[in-house]
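Take a look at the structure below.
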Amino acid sequence: MDLRRPHQLWLPKERVNKHVKVDHEYNLKQLAIYKNSFAAQSKFWIDVAVLDRLYYKNYNQHRHFHRFRRTAEARRLLKRFKHLAVDLVIRDFYTMFWNNNVTDSKKPWTSVPTREFCEYTMRKLIAASVVLDKLQVVLVEIYREYTTLLHLQHFVSMAFVHIGVCARLYTLARKWNSDFKDCYTMIHDWLDSFPLGSNKASGNVCTENTMTQERQNALQWTENRISFAKPAHFEFHLVHGHDEQRPLDNARDQLSNLAIPFDSFSAMPVGDDEDDLGIAV
C-alpha cells in the first residue's frame, strides 16, 4: 500500500463539487472530535512506556525465553504504529480547510483538501488498523504466557505487571481501532466532494470496503500463529497437565474393566513431530 504523501495538499474552497450533497459543517465538527481524540491517547502511550521499561529492565535475564520474545514483537508493532503518526495525519487533514494553517482553525474554512490527500489519510488509517489488529493478537499471547508463569509462581511481580499492561493496551487498541473505522467511513463519504489535485490522478483507490478487505487479508497472519490457535507449550502443559491426565485415567479404568492391558497402548509408536507427552515440538 502506497503511503507516500501527495504533492498537492489543498485547493480553494470554490473547487468543491457542489453536485455532491454533503454537510461540510457537520463533518468538520466530527473531524475535530476525531482529531482531539487521537491526540489525547496519553493512557495508551504511558502503558507503552511501561512495556518498554519492562523490556529493558529484564532483557539480560529473560531474553532467551519464549514469552520475552513476544514482548519484543509487541514493541516492534508499537514502533511501527507510532511511525504511522495517525494523529498528526488527521490533524493535517483538518488544517487543510484553512490553507494548512493551524492558527486559522477558528475562522470560517477557506480551502479543502485534495482527493489525493484524502486517500493518503485513508490509507494511513487502514495501515494503522492492520497493525493494531496484529498487536491485539500478540498482546493476547503475552497475556497467556504470563498467566502461565503466574500459575507456576515464577517471577510473580513481573507477571502481574505484564498481565495488567497487556490487558489495558488490548482494550485501548480495540477502542482506537473502532474510532479508525468510523473516521475512515466518514472521510470516504466525504471524498467525492473534494477536487483532484492533478489531472493525471486516477480514480478512487480506497473504496468503502477497502479497510475491511485489508483487515481480512491480515487475518491470514493470525491463523498462521500456532500458539494463538492452540497454545501447546511445555509450561502450559506443566500447569494444565492434570486436566489432560483425567481422560487418560478414565480410559485406563474403562480398559481395565474390559480386561485389556493398558500398557499395550503405551507401546504404540509416537510421530516424529511429537514428544513423549503428546505435545507438538
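Ordering of the C-alpha cells sets the chain letters (A, B, ...); residue numbers start at 1 within each chain; ligands are numbered from 1 in the order shown.
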
Any idea what's packed within 9 Å of A:Leu78, counting only C-alpha atoms, ignoring anything in its chain fewer than 3 positions away? Could you give it as an MDAnalysis selection string?
chainID A and resid 48 73:75 81:83 131:132 135

Residues within 7 Å of A:Thr110, only C-alpha atoms, excluding chain neighbours under 6 positions, as a ChimeraX atom specification:
/A:12-13,97-98

Counting only C-alpha atoms, which residues of stretch 95-199 of chain A fall within 10 Å of stretch 38-43 of chain A, and what is the closest atom pair for each with its distance in Å at one decimal, ordered by chain and rising number, as JSON lines?
{"residue": "A:Arg168", "atom": "CA", "partner": "A:Lys43", "partner_atom": "CA", "distance": 8.9}
{"residue": "A:Leu169", "atom": "CA", "partner": "A:Lys43", "partner_atom": "CA", "distance": 8.8}
{"residue": "A:Leu172", "atom": "CA", "partner": "A:Lys43", "partner_atom": "CA", "distance": 8.3}
{"residue": "A:Trp176", "atom": "CA", "partner": "A:Phe38", "partner_atom": "CA", "distance": 8.0}
{"residue": "A:Asp179", "atom": "CA", "partner": "A:Phe38", "partner_atom": "CA", "distance": 8.7}
{"residue": "A:Phe180", "atom": "CA", "partner": "A:Phe38", "partner_atom": "CA", "distance": 9.2}

Based on the selection just made, write N, CA and C atoms of those residues as an mmCIF file, in the first residue's frame.
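In the end it all went to part_6.cif:
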data_model
loop_
_atom_site.group_PDB
_atom_site.id
_atom_site.type_symbol
_atom_site.label_atom_id
_atom_site.label_comp_id
_atom_site.auth_asym_id
_atom_site.auth_seq_id
_atom_site.Cartn_x
_atom_site.Cartn_y
_atom_site.Cartn_z
ATOM 1 N N ARG A 168 -4.645 -3.617 29.487
ATOM 2 C CA ARG A 168 -5.010 -2.224 29.202
ATOM 3 C C ARG A 168 -4.706 -1.861 27.750
ATOM 4 N N LEU A 169 -3.544 -2.267 27.257
ATOM 5 C CA LEU A 169 -3.197 -1.962 25.867
ATOM 6 C C LEU A 169 -4.184 -2.611 24.891
ATOM 7 N N LEU A 172 -7.463 -0.502 24.975
ATOM 8 C CA LEU A 172 -7.297 0.796 24.323
ATOM 9 C C LEU A 172 -7.099 0.641 22.815
ATOM 10 N N TRP A 176 -9.444 2.243 19.934
ATOM 11 C CA TRP A 176 -8.819 3.091 18.924
ATOM 12 C C TRP A 176 -9.123 2.561 17.523
ATOM 13 N N ASP A 179 -12.537 3.598 16.429
ATOM 14 C CA ASP A 179 -12.565 5.003 16.002
ATOM 15 C C ASP A 179 -11.962 5.170 14.613
ATOM 16 N N PHE A 180 -10.912 4.415 14.303
ATOM 17 C CA PHE A 180 -10.309 4.470 12.969
ATOM 18 C C PHE A 180 -11.325 4.071 11.900
#

Would you pick out the contacts of stretch 141-150 of chain A at 6 Å or less, using only C-alpha atoms, so that residues sharing its chain but fewer than 2 positions from it are not included, and give the list as a JSON list (two decimals) with C-alpha atoms, in the first residue's frame?
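Written out: part_37.json:
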[["chain", "number", "residue", "atom", "x", "y", "z"],
["A", 67, "ARG", "CA", 7.43, -15.12, 26.45],
["A", 138, "VAL", "CA", 0.37, -10.57, 20.22],
["A", 139, "LEU", "CA", -0.97, -8.99, 23.42],
["A", 152, "LEU", "CA", 3.87, -21.57, 38.20],
["A", 153, "GLN", "CA", 4.57, -18.84, 40.79],
["A", 154, "HIS", "CA", 7.70, -17.75, 38.92],
["A", 156, "VAL", "CA", 5.16, -13.16, 40.19],
["A", 159, "ALA", "CA", 3.96, -11.43, 35.58],
["A", 163, "ILE", "CA", -0.72, -9.01, 32.55]]

Go ahead and compute the interatomic distance for atom CA of A:Met186 and atom CA of A:Lys134, in Å to one decimal.
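Spanning atom CA of A:Met186 to atom CA of A:Lys134 is a straight-line distance of 24.0 Å.
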
Mind checking which residues fall within 12 Å of A:Ser37, counting only C-alpha atoms, ignoring those fewer than 6 positions away in the same chain, and posting them as a PyMOL selection string?
chain A and resi 30-31+43-44+86-88+90-91+175-176+179-180+183

For stretch 150-198 of chain A against stretch 204-220 of chain A, with a cut-off of 12 Å and counting only C-alpha atoms, what is the closest atom pair and its distance in Å to one decimal for every residue that makes the cut, ordered by chain and number, as a tab-separated table?
residue	atom	partner	partner_atom	distance
A:Asn177	CA	A:Arg215	CA	11.0
A:Ser178	CA	A:Met211	CA	11.8
A:Phe180	CA	A:Met211	CA	9.8
A:Lys181	CA	A:Met211	CA	7.8
A:Asp182	CA	A:Met211	CA	10.9
A:Cys183	CA	A:Met211	CA	11.3
A:Tyr184	CA	A:Met211	CA	8.1
A:Thr185	CA	A:Glu208	CA	7.0
A:Met186	CA	A:Glu208	CA	10.0
A:Ile187	CA	A:Glu208	CA	9.9
A:His188	CA	A:Glu208	CA	6.6
A:Asp189	CA	A:Glu208	CA	8.3
A:Trp190	CA	A:Glu208	CA	11.4
A:Leu191	CA	A:Asn204	CA	8.7
A:Asp192	CA	A:Asn204	CA	8.7
A:Phe194	CA	A:Asn204	CA	11.4
A:Pro195	CA	A:Asn204	CA	11.7
A:Leu196	CA	A:Asn204	CA	10.2

Residues of stretch 5-205 of chain A in strand (DSSP E or B), written as number ranges by chain
A: 10-12, 111-113

Identify which of the residues A:Leu84, A:Val140, A:Met158, A:Val20 lies closest to A:Lys57, counting only C-alpha atoms when measuring atom-to-atom distances.
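Going through A:Leu84, A:Val140, A:Met158, A:Val20 one by one, the smallest distance to A:Lys57 is for A:Met158.
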
Please report, as JSON, numbers by chain, each residue of stretch 20-251 of chain A to which DSSP assigns helix (DSSP H, G or I) when run on this structure's backbone.
{"A": [24, 25, 26, 27, 28, 29, 30, 31, 32, 33, 34, 35, 36, 37, 38, 39, 42, 43, 44, 45, 46, 47, 48, 49, 50, 51, 52, 53, 54, 55, 56, 57, 59, 60, 61, 62, 66, 67, 68, 69, 70, 71, 72, 73, 74, 75, 76, 77, 78, 79, 80, 81, 82, 83, 84, 86, 87, 88, 89, 90, 91, 92, 93, 94, 95, 96, 97, 98, 102, 103, 104, 115, 116, 117, 118, 119, 120, 121, 122, 123, 124, 125, 126, 127, 128, 129, 130, 131, 132, 133, 134, 135, 136, 137, 138, 139, 140, 141, 142, 143, 144, 145, 146, 147, 148, 149, 150, 151, 156, 157, 158, 159, 160, 161, 162, 163, 164, 165, 166, 167, 168, 169, 170, 171, 172, 173, 174, 175, 176, 177, 178, 179, 180, 181, 182, 183, 184, 185, 186, 187, 188, 189, 190, 191, 210, 211, 212, 213, 214, 215, 216, 217, 218, 219, 220, 221, 222, 223, 226, 227, 228, 229, 234, 235, 236, 237, 238, 239, 240, 241, 242, 243, 244, 245, 246, 247, 248, 249, 250, 251]}

A:Thr171, A:Thr114, A:Asn60, A:Thr222 ranked by distance to A:Gly197, top pick (using only C-alpha atoms):
A:Thr114

Can you work out which one of A:Trp221, A:Gln61, A:Asn99, A:Ser193 has the shortest atom-to-atom distance to A:Val22, counting only C-alpha atoms?
A:Ser193

d(atom CA of A:Tyr170, atom CA of A:Gln136) in Å:
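It comes out at 5.6 Å.
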